[in-house]
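What follows is the content of model00.cif, which has mmCIF, C-alpha atoms and all ligand atoms:
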data_model
loop_
_atom_site.group_PDB
_atom_site.id
_atom_site.type_symbol
_atom_site.label_atom_id
_atom_site.label_comp_id
_atom_site.auth_asym_id
_atom_site.auth_seq_id
_atom_site.Cartn_x
_atom_site.Cartn_y
_atom_site.Cartn_z
ATOM 1 C CA MET A 82 -29.449 -0.760 -33.065
ATOM 2 C CA THR A 83 -26.267 1.041 -33.868
ATOM 3 C CA TYR A 84 -23.528 1.851 -31.393
ATOM 4 C CA ASP A 85 -24.700 5.483 -31.222
ATOM 5 C CA ILE A 86 -28.191 4.483 -30.187
ATOM 6 C CA TYR A 87 -26.779 2.255 -27.461
ATOM 7 C CA MET A 88 -24.553 5.084 -26.274
ATOM 8 C CA ASP A 89 -27.597 7.393 -26.181
ATOM 9 C CA PHE A 90 -29.362 4.770 -24.060
ATOM 10 C CA ILE A 91 -26.492 4.839 -21.545
ATOM 11 C CA LEU A 92 -26.293 8.641 -21.486
ATOM 12 C CA GLU A 93 -30.040 9.008 -21.060
ATOM 13 C CA ASN A 94 -29.982 6.616 -18.103
ATOM 14 C CA TYR A 95 -27.063 8.570 -16.649
ATOM 15 C CA LYS A 96 -28.656 11.998 -17.024
ATOM 16 C CA ASN A 97 -32.137 10.886 -15.945
ATOM 17 C CA PRO A 98 -31.612 7.728 -13.931
ATOM 18 C CA LYS A 99 -34.692 5.654 -13.203
ATOM 19 C CA ASN A 100 -35.407 4.811 -9.563
ATOM 20 C CA TYR A 101 -32.940 7.365 -8.209
ATOM 21 C CA GLY A 102 -33.645 8.267 -4.580
ATOM 22 C CA LYS A 103 -34.082 6.768 -1.158
ATOM 23 C CA ILE A 104 -36.757 4.572 0.367
ATOM 24 C CA GLU A 105 -37.722 5.222 3.961
ATOM 25 C CA LYS A 106 -37.803 1.986 5.947
ATOM 26 C CA PRO A 107 -36.517 -0.439 3.316
ATOM 27 C CA ASN A 108 -36.422 -4.089 4.340
ATOM 28 C CA ALA A 109 -33.241 -4.719 2.399
ATOM 29 C CA THR A 110 -30.403 -2.342 1.723
ATOM 30 C CA SER A 111 -26.743 -2.381 0.894
ATOM 31 C CA ARG A 112 -23.939 0.025 0.142
ATOM 32 C CA GLY A 113 -21.390 -0.867 -2.494
ATOM 33 C CA LEU A 114 -18.011 0.654 -3.171
ATOM 34 C CA ASN A 115 -15.875 0.578 -6.266
ATOM 35 C CA PRO A 116 -12.434 0.443 -4.654
ATOM 36 C CA LEU A 117 -10.745 1.549 -7.861
ATOM 37 C CA CYS A 118 -12.277 5.022 -7.807
ATOM 38 C CA GLY A 119 -14.003 5.375 -4.418
ATOM 39 C CA ASP A 120 -17.470 5.775 -5.940
ATOM 40 C CA GLU A 121 -20.346 4.416 -3.896
ATOM 41 C CA LEU A 122 -23.916 3.315 -4.529
ATOM 42 C CA GLU A 123 -26.601 2.499 -2.026
ATOM 43 C CA ILE A 124 -29.604 0.362 -2.951
ATOM 44 C CA PHE A 125 -32.891 0.229 -1.028
ATOM 45 C CA LEU A 126 -35.600 -2.367 -1.511
ATOM 46 C CA ILE A 127 -39.101 -3.102 -0.351
ATOM 47 C CA ILE A 128 -39.658 -6.829 -0.680
ATOM 48 C CA ASP A 129 -43.061 -8.274 0.031
ATOM 49 C CA LYS A 130 -43.965 -11.954 -0.354
ATOM 50 C CA ASN A 131 -40.793 -12.545 -2.365
ATOM 51 C CA ILE A 132 -41.586 -9.749 -4.825
ATOM 52 C CA ILE A 133 -39.530 -6.587 -5.269
ATOM 53 C CA LYS A 134 -42.265 -4.044 -4.788
ATOM 54 C CA ASP A 135 -39.942 -1.059 -4.933
ATOM 55 C CA ILE A 136 -36.265 -0.386 -5.460
ATOM 56 C CA LYS A 137 -34.260 2.810 -5.468
ATOM 57 C CA PHE A 138 -30.619 3.788 -5.416
ATOM 58 C CA THR A 139 -28.493 6.779 -4.579
ATOM 59 C CA GLY A 140 -24.839 7.535 -4.848
ATOM 60 C CA LYS A 141 -22.318 8.940 -7.193
ATOM 61 C CA GLY A 142 -20.349 7.406 -9.973
ATOM 62 C CA CYS A 143 -19.432 7.572 -13.605
ATOM 63 C CA ALA A 144 -21.916 7.393 -16.467
ATOM 64 C CA ILE A 145 -21.530 3.619 -16.777
ATOM 65 C CA SER A 146 -22.142 2.931 -13.081
ATOM 66 C CA ILE A 147 -25.174 5.205 -12.780
ATOM 67 C CA ALA A 148 -26.696 4.049 -16.071
ATOM 68 C CA SER A 149 -26.125 0.466 -15.028
ATOM 69 C CA ALA A 150 -27.902 1.029 -11.694
ATOM 70 C CA SER A 151 -30.798 2.690 -13.514
ATOM 71 C CA ILE A 152 -31.126 -0.181 -15.989
ATOM 72 C CA LEU A 153 -30.687 -2.886 -13.339
ATOM 73 C CA THR A 154 -33.331 -1.414 -11.025
ATOM 74 C CA GLU A 155 -35.749 -1.308 -13.964
ATOM 75 C CA MET A 156 -34.953 -4.948 -14.791
ATOM 76 C CA VAL A 157 -35.727 -6.243 -11.301
ATOM 77 C CA LYS A 158 -38.604 -4.002 -10.173
ATOM 78 C CA GLY A 159 -41.737 -6.110 -9.802
ATOM 79 C CA LYS A 160 -39.830 -9.367 -10.227
ATOM 80 C CA ASP A 161 -39.514 -12.144 -7.662
ATOM 81 C CA LEU A 162 -36.362 -12.875 -5.713
ATOM 82 C CA ASP A 163 -35.596 -16.003 -7.733
ATOM 83 C CA TYR A 164 -35.265 -13.822 -10.819
ATOM 84 C CA VAL A 165 -32.696 -11.669 -9.023
ATOM 85 C CA LYS A 166 -30.878 -14.667 -7.569
ATOM 86 C CA ASN A 167 -30.579 -16.193 -11.042
ATOM 87 C CA LEU A 168 -29.524 -12.946 -12.693
ATOM 88 C CA LYS A 169 -25.980 -13.252 -14.054
ATOM 89 C CA GLU A 170 -23.426 -10.523 -14.515
ATOM 90 C CA ASN A 171 -23.703 -11.014 -18.259
ATOM 91 C CA ASP A 172 -27.466 -10.420 -18.187
ATOM 92 C CA LEU A 173 -26.794 -6.888 -16.971
ATOM 93 C CA LEU A 174 -23.786 -6.361 -19.246
ATOM 94 C CA ASN A 175 -25.902 -7.443 -22.220
ATOM 95 C CA ALA A 176 -28.713 -5.108 -21.174
ATOM 96 C CA LEU A 177 -26.296 -2.172 -21.203
ATOM 97 C CA GLY A 178 -25.850 -2.816 -24.896
ATOM 98 C CA ILE A 179 -22.323 -1.470 -25.254
ATOM 99 C CA GLU A 180 -18.942 -3.104 -25.105
ATOM 100 C CA ILE A 181 -17.547 -2.623 -21.588
ATOM 101 C CA SER A 182 -13.762 -2.530 -21.442
ATOM 102 C CA PRO A 183 -12.090 -4.605 -18.708
ATOM 103 C CA ALA A 184 -11.142 -1.378 -16.925
ATOM 104 C CA ARG A 185 -14.829 -0.404 -16.618
ATOM 105 C CA ILE A 186 -16.293 -3.758 -15.590
ATOM 106 C CA LYS A 187 -16.257 -2.792 -11.896
ATOM 107 C CA CYS A 188 -18.211 0.364 -12.788
ATOM 108 C CA ALA A 189 -20.775 -1.616 -14.766
ATOM 109 C CA LEU A 190 -21.213 -4.254 -12.056
ATOM 110 C CA LEU A 191 -21.206 -2.022 -8.965
ATOM 111 C CA SER A 192 -25.015 -1.943 -8.836
ATOM 112 C CA TYR A 193 -25.245 -5.685 -9.548
ATOM 113 C CA LYS A 194 -22.948 -6.600 -6.660
ATOM 114 C CA THR A 195 -24.689 -4.143 -4.339
ATOM 115 C CA LEU A 196 -28.101 -5.594 -5.215
ATOM 116 C CA LYS A 197 -26.921 -9.182 -4.650
ATOM 117 C CA GLU A 198 -25.535 -8.145 -1.268
ATOM 118 C CA ALA A 199 -28.814 -6.422 -0.341
ATOM 119 C CA ILE A 200 -30.971 -9.462 -1.072
ATOM 120 C CA SER A 201 -28.701 -11.689 0.975
ATOM 121 C CA ASN A 202 -29.629 -9.578 3.967
ATOM 122 C CA ILE A 203 -33.418 -9.122 4.031
ATOM 123 C CA LYS A 204 -35.076 -7.947 7.235
ATOM 124 C CA ASN A 205 -38.681 -8.881 7.808
HETATM 125 FE FE1 LIG B 301 -16.189 5.202 -10.289
HETATM 126 FE FE2 LIG B 301 -16.961 4.189 -12.596
HETATM 127 S S1 LIG B 301 -15.305 5.533 -12.258
HETATM 128 S S2 LIG B 301 -17.806 3.799 -10.631
#
Would you write out, as structure tokens, the structure that this file holds?
Ligand code: FES
Amino acid sequence: MTYDIYMDFILENYKNPKNYGKIEKPNATSRGLNPLCGDELEIFLIIDKNIIKDIKFTGKGCAISIASASILTEMVKGKDLDYVKNLKENDLLNALGIEISPARIKCALLSYKTLKEAISNIKN
């Protein structure tokens, strides 16, 4: 794919993010803040028998942070917790498909860090 197609992928996920919204009664949730800009994301999960049955997020942020949350939630939906625990920052950065400048890394990884925090705190 060319750079333009990757950029379209990011913009599409920003304009029409997948899994955007709230879940009533999630059994795992977390709120993450990018201290550099004040943007926040909240992630909600339904986890049943170690499987992520549903995941949604809300919040506001730049195109990279929202697209990243959209792509990440698609990556982990339906997967087991071991998959999420083993997921590395680079797995998400590679899935974004564009070069992320050092200044934007916190944007790109806001959803990742929020998700990791959420699964460390699962209520049954
Ligand atoms: Fe705030 Fe990117 S500028 S998350």
Please report, as AutoDock Vina command-line options, the centre and edge lengths in Å to one decimal of an axis-aligned box covering all listed atoms of ligand LIG 301 (chain B) with 3 Å per side.
--center_x -16.6 --center_y 4.7 --center_z -11.4 --size_x 8.5 --size_y 7.7 --size_z 8.3
If we draw a sphere of 10 Å around (-26.6, -3.4, -22.5), which residues have at least one atom in it when counting only C-alpha atoms? Please report them as a PyMOL selection string. chain A and resi 87-88+90-91+148-149+152+171-181+189
Separation of atom CA of Thr139 of chain A and atom CA of Gly102 of chain A, in Å?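 Between atom CA of Thr139 of chain A and atom CA of Gly102 of chain A the gap works out to 5.4 Å.
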Ranking A:Gly140, A:Pro183, A:Gly119, A:Pro98 by minimum distance to ligand LIG 301 (chain B) and counting only C-alpha atoms and all ligand atoms, which one comes first? A:Gly119
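When the PyMOL selection byres (((not hetatm)) within 9 of (chain B and resi 301)) is evaluated against the file, it yields Leu114, Asn115, Pro116, Leu117, Cys118, Gly119, Asp120, Glu121, Leu122, Lys141, Gly142, Cys143, Ala144, Ile145, Ser146, Ile147, Arg185, Ile186, Lys187, Cys188, Ala189, Leu190 and Leu191 of chain A.
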Using Å and a single decimal, report how far atom CA of Lys194 of chain A sits from atom CA of Lys169 of chain A.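 Here the two named atoms are 10.4 Å from each other.
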Written as a PyMOL selection string, what is the full residue list that the PyMOL selection byres (((chain A and resi 162) around 12) and not hetatm) yields on the file shown? chain A and resi 109+126-134+157-161+163-168+196-197+199-201+203
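You can rank A:Ile104, A:Met156, A:Ala184, A:Ala150 by their closest distance to Asp135 of chain A using all atoms listed in the file, and at the top of that list sits A:Ile104.
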Quick one, how far is atom CA of Asn97 of chain A from atom CA of Lys137 of chain A?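 Value for the atom CA of Asn97 of chain A-atom CA of Lys137 of chain A distance: 13.4 Å.
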Nearest to Asn202 of chain A: which of A:Asp89, A:Glu105, A:Arg112, A:Lys99 is it, counting only C-alpha atoms?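 So, comparing all the options, the nearest one is A:Arg112.
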For Glu123 of chain A, which of A:Ser182, A:Thr110, A:Asn94, A:Thr154 is the closest residue, counting only C-alpha atoms? A:Thr110
Closest of A:Leu92, A:Ile136, A:Glu170, A:Lys103 to Glu155 of chain A - atom-to-atom distances counting all atoms listed in the file: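 Ranking A:Leu92, A:Ile136, A:Glu170, A:Lys103 by distance to Glu155 of chain A, first place goes to A:Ile136.
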